[in-house]
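Shown below: model.cif, with mmCIF, C-alpha atoms (C1' of nucleotides).
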data_coords
#
loop_
_atom_site.label_atom_id
_atom_site.label_comp_id
_atom_site.auth_asym_id
_atom_site.auth_seq_id
_atom_site.Cartn_x
_atom_site.Cartn_y
_atom_site.Cartn_z
CA MET A 1459 142.75 25.62 64.88
CA PRO A 1460 142.13 29.16 65.93
CA GLU A 1461 143.93 31.33 68.42
CA LEU A 1462 142.84 34.90 69.10
CA PRO A 1463 144.03 36.43 65.80
CA GLU A 1464 142.17 33.86 63.73
CA VAL A 1465 138.98 34.42 65.70
CA GLU A 1466 139.27 38.19 65.37
CA VAL A 1467 140.00 38.01 61.65
CA THR A 1468 137.00 35.73 61.27
CA ARG A 1469 134.83 38.20 63.18
CA ARG A 1470 135.90 41.11 61.02
CA SER A 1471 135.26 39.15 57.86
CA PHE A 1472 131.53 38.83 58.45
CA ALA A 1473 130.48 41.25 61.20
CA GLU A 1474 129.45 44.05 58.85
CA GLY A 1475 127.84 41.71 56.38
CA ILE A 1476 125.55 40.11 58.91
CA ALA A 1477 124.76 43.16 61.05
CA GLY A 1478 121.12 44.15 60.71
CA ALA A 1479 120.10 40.83 59.18
CA THR A 1480 117.03 38.93 60.30
CA VAL A 1481 117.41 35.25 61.10
CA LEU A 1482 115.20 33.21 58.78
CA SER A 1483 116.06 29.77 60.12
CA ALA A 1484 118.76 27.77 61.87
CA ALA A 1485 119.82 24.17 61.37
CA LEU A 1486 121.92 21.79 63.41
CA GLY A 1487 124.08 18.91 62.20
CA LYS A 1488 125.85 16.50 64.53
CA PRO A 1489 126.10 17.49 68.19
CA LEU A 1490 128.80 19.98 69.07
CA ARG A 1491 130.45 20.43 72.45
CA TRP A 1492 127.25 21.65 74.11
CA PRO A 1493 123.58 21.71 73.19
CA LEU A 1494 122.34 24.85 71.48
CA GLY A 1495 120.21 25.66 74.48
CA CYS A 1496 117.03 26.39 72.57
CA ALA A 1497 115.07 25.03 69.66
CA PRO A 1498 116.67 26.19 66.40
CA SER A 1499 113.30 27.66 65.45
CA HIS A 1500 113.57 30.01 68.44
CA LEU A 1501 116.24 31.96 66.57
CA ALA A 1502 114.01 32.71 63.60
CA GLY A 1503 112.76 36.27 63.47
CA GLN A 1504 115.55 37.63 65.65
CA ARG A 1505 117.74 40.41 64.36
CA VAL A 1506 121.53 40.23 64.39
CA VAL A 1507 122.56 43.43 66.10
CA ALA A 1508 126.35 43.07 66.24
CA VAL A 1509 129.20 40.59 66.35
CA ARG A 1510 131.73 40.95 69.15
CA ARG A 1511 134.60 38.83 70.44
CA ARG A 1512 135.65 37.89 73.96
CA GLY A 1513 138.75 35.74 74.12
CA LYS A 1514 138.21 33.06 71.51
CA TYR A 1515 134.43 33.30 71.73
CA LEU A 1516 132.40 35.13 69.11
CA LEU A 1517 129.35 36.88 70.54
CA LEU A 1518 126.44 37.43 68.19
CA ASP A 1519 124.11 39.92 69.80
CA LEU A 1520 120.60 39.00 68.75
CA SER A 1521 117.48 41.03 69.40
CA GLY A 1522 116.27 38.28 71.72
CA GLY A 1523 119.47 36.99 73.29
CA LEU A 1524 123.11 36.15 72.75
CA LEU A 1525 124.53 33.50 70.47
CA LEU A 1526 127.98 32.31 71.55
CA VAL A 1527 130.16 30.64 68.94
CA HIS A 1528 133.44 28.90 69.70
CA LEU A 1529 135.60 27.32 67.01
CA GLY A 1530 137.32 24.80 69.25
CA MET A 1531 140.33 23.15 67.65
CA SER A 1532 139.11 22.63 64.13
CA GLY A 1533 136.18 24.98 63.56
CA SER A 1534 135.80 27.62 60.88
CA LEU A 1535 132.99 29.92 59.79
CA ARG A 1536 131.83 30.87 56.31
CA PHE A 1537 129.38 33.62 55.53
CA ALA A 1538 128.03 33.93 52.02
CA HIS A 1539 124.82 34.57 50.13
CA HIS A 1540 124.69 31.09 48.74
CA LEU A 1541 126.32 28.08 50.28
CA PRO A 1542 125.96 24.56 48.96
CA ALA A 1543 124.06 21.94 50.94
CA PRO A 1544 125.84 21.22 54.22
CA GLY A 1545 128.61 18.65 53.96
CA GLY A 1546 129.58 16.00 56.46
CA HIS A 1547 131.39 18.37 58.83
CA ASP A 1548 129.03 21.32 58.62
CA HIS A 1549 127.19 21.31 61.92
CA PHE A 1550 125.40 24.63 62.19
CA ASP A 1551 123.75 26.98 59.72
CA LEU A 1552 122.30 30.37 60.57
CA VAL A 1553 120.24 31.41 57.57
CA THR A 1554 119.66 35.15 57.54
CA SER A 1555 118.18 37.75 55.23
CA GLN A 1556 121.73 38.80 54.31
CA GLY A 1557 123.48 35.47 53.97
CA VAL A 1558 124.16 32.11 55.55
CA LEU A 1559 126.62 31.75 58.42
CA ARG A 1560 127.95 28.20 58.54
CA LEU A 1561 130.13 26.43 61.10
CA HIS A 1562 132.43 23.76 59.69
CA ASP A 1563 134.07 21.71 62.43
CA PRO A 1564 135.44 18.20 61.82
CA ARG A 1565 136.42 17.48 65.42
CA ARG A 1566 133.35 19.12 66.94
CA PHE A 1567 135.16 20.67 69.89
CA GLY A 1568 133.44 23.86 68.86
CA ALA A 1569 130.16 25.13 70.19
CA VAL A 1570 127.14 27.26 69.37
CA VAL A 1571 125.15 28.25 72.43
CA PHE A 1572 122.13 30.49 72.78
CA THR A 1573 121.60 32.31 76.05
CA THR A 1574 119.33 35.12 77.14
CA GLY A 1575 122.27 37.49 77.48
CA GLU A 1576 125.77 38.09 78.74
CA GLN A 1577 124.60 38.05 82.35
CA SER A 1578 122.89 34.69 82.14
CA PRO A 1579 124.37 31.92 84.29
CA LEU A 1580 125.46 29.99 81.23
CA ALA A 1581 127.20 32.97 79.65
CA GLN A 1582 128.83 33.77 82.96
CA LYS A 1583 130.07 30.22 83.29
CA LEU A 1584 131.71 30.40 79.88
CA LEU A 1585 132.89 34.01 79.86
CA GLY A 1586 133.06 34.99 83.51
CA GLY A 1587 136.47 33.57 84.29
CA LEU A 1588 138.23 34.94 81.25
CA GLY A 1589 141.30 37.11 81.69
CA MET A 1590 142.26 40.41 80.13
CA GLU A 1591 141.96 41.14 76.43
CA PRO A 1592 145.58 41.41 75.25
CA LEU A 1593 144.80 44.06 72.64
CA SER A 1594 142.77 46.26 74.96
CA ASP A 1595 143.99 49.19 77.02
CA GLY A 1596 143.12 47.24 80.14
CA PHE A 1597 146.03 44.89 79.48
CA SER A 1598 148.56 47.03 81.32
CA PHE A 1599 151.93 45.83 82.46
CA ASP A 1600 150.99 46.29 86.10
CA ALA A 1601 147.81 44.26 85.77
CA PHE A 1602 149.69 41.55 83.89
CA ARG A 1603 152.38 41.35 86.54
CA GLN A 1604 149.81 41.25 89.31
CA GLY A 1605 148.04 38.35 87.62
CA LEU A 1606 151.23 36.34 87.22
CA ARG A 1607 152.39 36.95 90.78
CA ALA A 1608 149.24 35.29 92.08
CA THR A 1609 150.01 31.81 90.79
CA ARG A 1610 152.57 29.07 91.28
CA ALA A 1611 152.11 27.45 87.88
CA PRO A 1612 154.70 27.49 85.06
CA ILE A 1613 154.38 30.53 82.81
CA LYS A 1614 153.43 28.53 79.71
CA GLN A 1615 150.45 26.98 81.48
CA VAL A 1616 149.40 30.30 82.95
CA LEU A 1617 149.33 31.84 79.50
CA LEU A 1618 147.34 28.94 78.06
CA ALA A 1619 144.85 28.86 80.92
CA GLY A 1620 143.48 32.26 79.90
CA LYS A 1621 142.71 33.41 83.44
CA VAL A 1622 145.22 36.24 83.34
CA VAL A 1623 145.22 37.08 79.65
CA VAL A 1624 143.06 35.46 76.95
CA GLY A 1625 143.81 34.47 73.41
CA VAL A 1626 147.37 33.15 73.70
CA GLY A 1627 147.10 29.63 72.36
CA ASN A 1628 149.66 26.86 72.24
CA ILE A 1629 151.61 28.17 69.25
CA TYR A 1630 151.74 31.81 70.30
CA ALA A 1631 152.61 30.84 73.87
CA SER A 1632 155.84 29.22 72.71
CA GLU A 1633 156.55 32.11 70.36
CA VAL A 1634 156.09 34.95 72.84
CA LEU A 1635 158.14 33.16 75.49
CA PHE A 1636 160.96 32.81 72.99
CA LEU A 1637 160.77 36.51 72.16
CA ALA A 1638 160.89 37.36 75.85
CA GLY A 1639 163.78 34.98 76.60
CA ILE A 1640 161.72 33.04 79.14
CA ARG A 1641 161.75 29.28 79.52
CA PRO A 1642 158.22 27.82 79.44
CA THR A 1643 158.74 25.84 82.63
CA VAL A 1644 159.66 28.69 84.97
CA PRO A 1645 157.09 29.63 87.63
CA ALA A 1646 155.17 32.66 86.42
CA ALA A 1647 155.58 34.40 89.75
CA SER A 1648 159.37 34.17 89.62
CA ILE A 1649 159.92 36.13 86.42
CA GLY A 1650 161.75 39.41 86.86
CA ASP A 1651 160.35 42.70 85.67
CA ALA A 1652 162.71 43.09 82.74
CA ARG A 1653 161.69 39.79 81.15
CA LEU A 1654 158.10 40.35 82.14
CA ARG A 1655 158.04 43.61 80.24
CA ARG A 1656 159.41 41.87 77.17
CA LEU A 1657 156.73 39.22 77.51
CA HIS A 1658 153.95 41.78 77.89
CA THR A 1659 155.18 43.61 74.82
CA ALA A 1660 155.62 40.42 72.83
CA ILE A 1661 152.05 39.30 73.51
CA ARG A 1662 150.61 42.60 72.33
CA GLU A 1663 152.85 42.91 69.30
CA VAL A 1664 152.65 39.36 68.05
CA LEU A 1665 148.89 39.14 68.36
CA ALA A 1666 148.31 42.60 66.91
CA LEU A 1667 150.56 41.86 63.96
CA ALA A 1668 148.82 38.57 63.30
CA VAL A 1669 145.42 40.27 63.26
CA GLU A 1670 146.70 43.05 61.04
CA ARG A 1671 148.10 40.58 58.53
CA GLY A 1672 144.74 38.87 58.36
CA GLY A 1673 146.57 35.80 59.17
CA THR A 1674 148.32 33.52 61.27
CA THR A 1675 151.03 31.02 61.72
CA LEU A 1676 148.45 28.35 61.16
CA LYS A 1677 148.44 26.02 58.25
CA ASP A 1678 144.88 25.90 57.04
CA PHE A 1679 143.12 29.02 58.24
CA SER A 1680 140.68 30.98 56.13
CA SER A 1681 138.28 33.68 57.25
CA ALA A 1682 134.51 33.68 56.82
CA ASP A 1683 134.79 35.27 53.39
CA GLY A 1684 137.08 32.48 52.25
CA ASN A 1685 140.32 34.47 52.20
CA PRO A 1686 143.33 32.51 53.42
CA GLY A 1687 145.74 33.79 56.04
CA HIS A 1688 148.96 35.26 54.73
CA PHE A 1689 151.47 33.11 56.59
CA GLN A 1690 153.56 36.15 57.38
CA LEU A 1691 154.30 35.01 60.89
CA GLU A 1692 156.51 31.98 60.65
CA ALA A 1693 157.05 30.17 63.90
CA ARG A 1694 160.47 30.72 65.42
CA VAL A 1695 160.33 27.75 67.79
CA TYR A 1696 156.94 26.03 67.54
CA GLY A 1697 157.22 22.64 65.86
CA ARG A 1698 160.96 23.06 65.31
CA GLU A 1699 162.37 20.53 67.76
CA GLY A 1700 165.95 19.66 66.84
CA VAL A 1701 166.19 22.48 64.30
CA PRO A 1702 168.83 25.17 64.93
CA CYS A 1703 167.55 28.29 66.68
CA LEU A 1704 167.22 31.16 64.23
CA ALA A 1705 168.96 33.46 66.69
CA CYS A 1706 171.85 31.37 68.02
CA GLY A 1707 171.94 28.03 66.22
CA THR A 1708 171.34 25.90 69.30
CA PRO A 1709 168.92 23.04 68.59
CA ILE A 1710 165.37 23.83 69.69
CA ARG A 1711 164.02 21.56 72.38
CA GLY A 1712 160.52 20.19 72.81
CA LEU A 1713 158.73 19.04 75.92
CA LYS A 1714 155.25 18.26 77.22
CA GLN A 1715 153.48 20.49 79.70
CA GLY A 1716 149.99 19.46 80.69
CA GLN A 1717 149.58 17.25 77.62
CA ARG A 1718 150.53 20.14 75.37
CA SER A 1719 153.76 20.48 73.45
CA SER A 1720 156.11 23.36 74.20
CA TYR A 1721 159.23 24.41 72.33
CA PHE A 1722 162.10 26.60 73.42
CA CYS A 1723 165.70 27.48 72.76
CA PRO A 1724 167.80 26.35 75.75
CA ARG A 1725 170.31 29.13 75.12
CA CYS A 1726 168.07 32.10 74.30
CA GLN A 1727 165.60 31.15 77.02
CA ARG A 1728 167.76 30.58 80.07
CA ALA A 1729 165.35 31.62 82.79
"C1'" DC B 904 141.23 26.72 96.63
"C1'" DA B 905 144.85 26.15 93.11
"C1'" DG B 906 146.80 23.02 90.13
"C1'" DT B 907 146.96 18.77 87.27
"C1'" DG B 908 145.23 15.30 84.05
"C1'" DG B 909 141.43 13.15 81.39
"C1'" DG B 910 138.46 13.49 77.89
"C1'" DC B 911 135.69 15.22 74.14
"C1'" DC B 912 136.15 13.88 68.31
"C1'" DT B 913 138.09 13.23 63.71
"C1'" DG B 914 141.84 13.23 60.37
"C1'" DA B 915 146.64 13.23 59.12
"C1'" DG B 916 150.94 11.32 59.57
"C1'" DT B 917 154.30 7.60 60.88
"C1'" DG B 918 156.20 3.06 61.44
"C1'" DC B 919 155.75 -1.79 60.85
"C1'" DT C 870 147.95 -1.43 50.99
"C1'" DG C 871 146.47 -1.93 55.76
"C1'" DC C 872 146.62 -1.53 60.51
"C1'" DA C 873 147.88 0.41 65.05
"C1'" DC C 874 149.39 4.07 67.00
"C1'" DT C 875 150.47 9.09 67.99
"C1'" DC C 876 149.46 13.68 67.60
"C1'" DA C 877 146.88 18.20 66.64
"C1'" DG C 878 145.80 25.19 66.98
"C1'" DG C 879 140.92 24.47 73.12
"C1'" DC C 880 138.79 24.13 77.20
"C1'" DC C 881 135.54 22.16 80.76
"C1'" DC C 882 135.45 19.36 84.72
"C1'" DA C 883 136.56 15.81 88.13
"C1'" DC C 884 139.95 14.90 91.06
"C1'" DT C 885 144.02 15.61 94.35
#

Can the structure in the file be given as structure tokens, please?
Amino acid sequence: MPELPEVEVTRRSFAEGIAGATVLSAALGKPLRWPLGCAPSHLAGQRVVAVRRRGKYLLLDLSGGLLLVHLGMSGSLRFAHHLPAPGGHDHFDLVTSQGVLRLHDPRRFGAVVFTTGEQSPLAQKLLGGLGMEPLSDGFSFDAFRQGLRATRAPIKQVLLAGKVVVGVGNIYASEVLFLAGIRPTVPAASIGDARLRRLHTAIREVLALAVERGGTTLKDFSSADGNPGHFQLEARVYGREGVPCLACGTPIRGLKQGQRSSYFCPRCQRA
DNA sequence: CAGTGGGCCTGAGTGC
DNA sequence: TGCACTCAGGCCCACT
């Protein structure tokens, strides 16, 4: 479900509320993608220092380690003083002195992992290979171009892989390529500077706007305080196969790249 | 080593 | 109404 904006909006919706809280207990439901990595009781007594984000991972800095949370395809978090008894798809509860943080995840591609810290082998395995943060100053045009020049793969797959830049999921990948006039199948290394600049700008602007709107193009997102996304960012190409392009009227085309669907306008995205 | 495809899991939607 | 099938917003890992 979540791409970078949804994860960031989720983070903002509970980071202040949980900061400074003491963990009272933790409870697991069905197995998630990976084991927690410690007994749930090990979390009790630890203080929640801060909540950060890296790519689509949420990083809860605890006084005794780091709790990594990933929402996978279908995960969502709620944070509230009182939550009802866990339902069938609620698979992790972190009960704190300031409220309960609950992971709801029907498909269970999500994960909650405790490690000793960001430098631990496990944290490095999960976070070490991640690319640049698209909303940070480090995401310069030059660094972006350098990253794309170093691969032979099609641009869509390079964006999704997250090794050059993180947070661009399957929907936003199609959208930013449309805005930049780039066909998803072209080799990343072959894109000229003019289009590359448009792509760099589109990534920053689209993601920043989505975060700012508290929302998303997604259908069923709500943040940890229960507020829904605003649906301000309607998809221009994603999911619109056969529908006339909003810019030129040409029917949008769909295709599969690496088991994932891509959409593009054959006229607006010629190269 | 870079690049590709399989698989994890459940629910919603479609076609017969 | 029921069944079989396809597809879905992510990402690790085995394989080529």

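With distances taken over all atoms listed in the file, A:Ala1611 is the one residue among A:Thr1573, A:Ala1611, A:His1562, A:Val1506 lying closest to DT907 (chain B).
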
Quiz item: Smallest atom-to-atom distance to Gln1577 (chain A): which of A:Leu1541, A:Leu1524, A:Cys1726, A:Ala1502, using all atoms listed in the file?
Solution: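 The closest residue to Gln1577 (chain A) is A:Leu1524.
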
Exercise. Please identify every residue of chain A that has at least one atom no more than 9 Å from any atom of chain B, counting all atoms listed in the file, and report them as a ChimeraX atom specification.
Key: /A:1491,1564-1567,1609-1611,1716-1717

Practice problem: Identify all residues satisfying the PyMOL selection byres ((chain A) within 7 of (chain C)) in the given file; provide them as a list in words. | Solution: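 That expression, the PyMOL selection byres ((chain A) within 7 of (chain C)), corresponds here to Met1459, Pro1460, Glu1461, Gly1530, Met1531, Asn1628 and Ile1629 of chain A.
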
Applying 9 Å and only C-alpha atoms (C1' of nucleotides), which residues near Ala1538 (chain A) remain after dropping the ones on its own chain fewer than 4 positions away? List them as a PDB file with C-alpha atoms, in the frame of the given file.
ATOM      1  CA  PHE A1472     131.530  38.830  58.450  1.00  0.00           C
ATOM      2  CA  GLY A1475     127.840  41.710  56.380  1.00  0.00           C
ATOM      3  CA  GLN A1556     121.730  38.800  54.310  1.00  0.00           C
ATOM      4  CA  GLY A1557     123.480  35.470  53.970  1.00  0.00           C
ATOM      5  CA  VAL A1558     124.160  32.110  55.550  1.00  0.00           C
ATOM      6  CA  LEU A1559     126.620  31.750  58.420  1.00  0.00           C
ATOM      7  CA  ARG A1560     127.950  28.200  58.540  1.00  0.00           C
ATOM      8  CA  ALA A1682     134.510  33.680  56.820  1.00  0.00           C
ATOM      9  CA  ASP A1683     134.790  35.270  53.390  1.00  0.00           C
TER      10      ASP A1683
END

Practice problem: Determine the residue set returned by the PyMOL selection byres ((chain A and resi 1651-1658) around 8) for the present structure, and present it as a list in words. | Solution: Phe1599, Phe1602, Arg1603, Val1634, Leu1635, Leu1637, Ala1638, Gly1639, Ile1640, Ile1649, Gly1650, Thr1659, Ala1660, Ile1661 and Arg1662 of chain A

Expected file contents, prior selection, C-alpha atoms, as a short mmCIF file (atom, residue, chain, number, x, y, z; two decimals), in the coordinates of the input:
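Dumped to result_20.cif:
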data_model
loop_
_atom_site.label_atom_id
_atom_site.label_comp_id
_atom_site.auth_asym_id
_atom_site.auth_seq_id
_atom_site.Cartn_x
_atom_site.Cartn_y
_atom_site.Cartn_z
CA PHE A 1599 151.93 45.83 82.46
CA PHE A 1602 149.69 41.55 83.89
CA ARG A 1603 152.38 41.35 86.54
CA VAL A 1634 156.09 34.95 72.84
CA LEU A 1635 158.14 33.16 75.49
CA LEU A 1637 160.77 36.51 72.16
CA ALA A 1638 160.89 37.36 75.85
CA GLY A 1639 163.78 34.98 76.60
CA ILE A 1640 161.72 33.04 79.14
CA ILE A 1649 159.92 36.13 86.42
CA GLY A 1650 161.75 39.41 86.86
CA THR A 1659 155.18 43.61 74.82
CA ALA A 1660 155.62 40.42 72.83
CA ILE A 1661 152.05 39.30 73.51
CA ARG A 1662 150.61 42.60 72.33
#

Exercise. Might you spell out which residues the PyMOL selection byres ((chain A and resi 1646) around 9) would select in the displayed file, as a PyMOL selection string?
Key: chain A and resi 1606-1616+1643-1645+1647-1649

Quiz item: What is the distance between CA of Pro1724 (chain A) and CA of Ala1619 (chain A), in Å to one decimal?
Solution: 23.7 Å

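Of note, CA of Leu1561 (chain A) and CA of Ala1477 (chain A) are spaced 17.6 Å apart.
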
Exercise. Tell me, as an MDAnalysis selection string, which residues lie within 12 Å of Leu1584 (chain A), counting only C-alpha atoms (C1' of nucleotides); anything in the same chain fewer than 3 positions away does not count.
Key: (chainID A and resid 1492 1512:1517 1526:1528 1569:1573 1576:1581 1587:1589 1620:1621) or (chainID C and resid 880:881)

Practice problem: Enter the distance from CA of Gly1700 (chain A) to CA of Glu1663 (chain A), in Å, rounded to one decimal. | Solution: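 Taking CA of Gly1700 (chain A) and CA of Glu1663 (chain A), their separation equals 26.8 Å.
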
Quiz item: What lies within 7 Å of Leu1520 (chain A) using all atoms listed in the file, ignoring chain neighbours under 5 positions off, as an MDAnalysis selection string?
Solution: chainID A and resid 1504:1507 1525
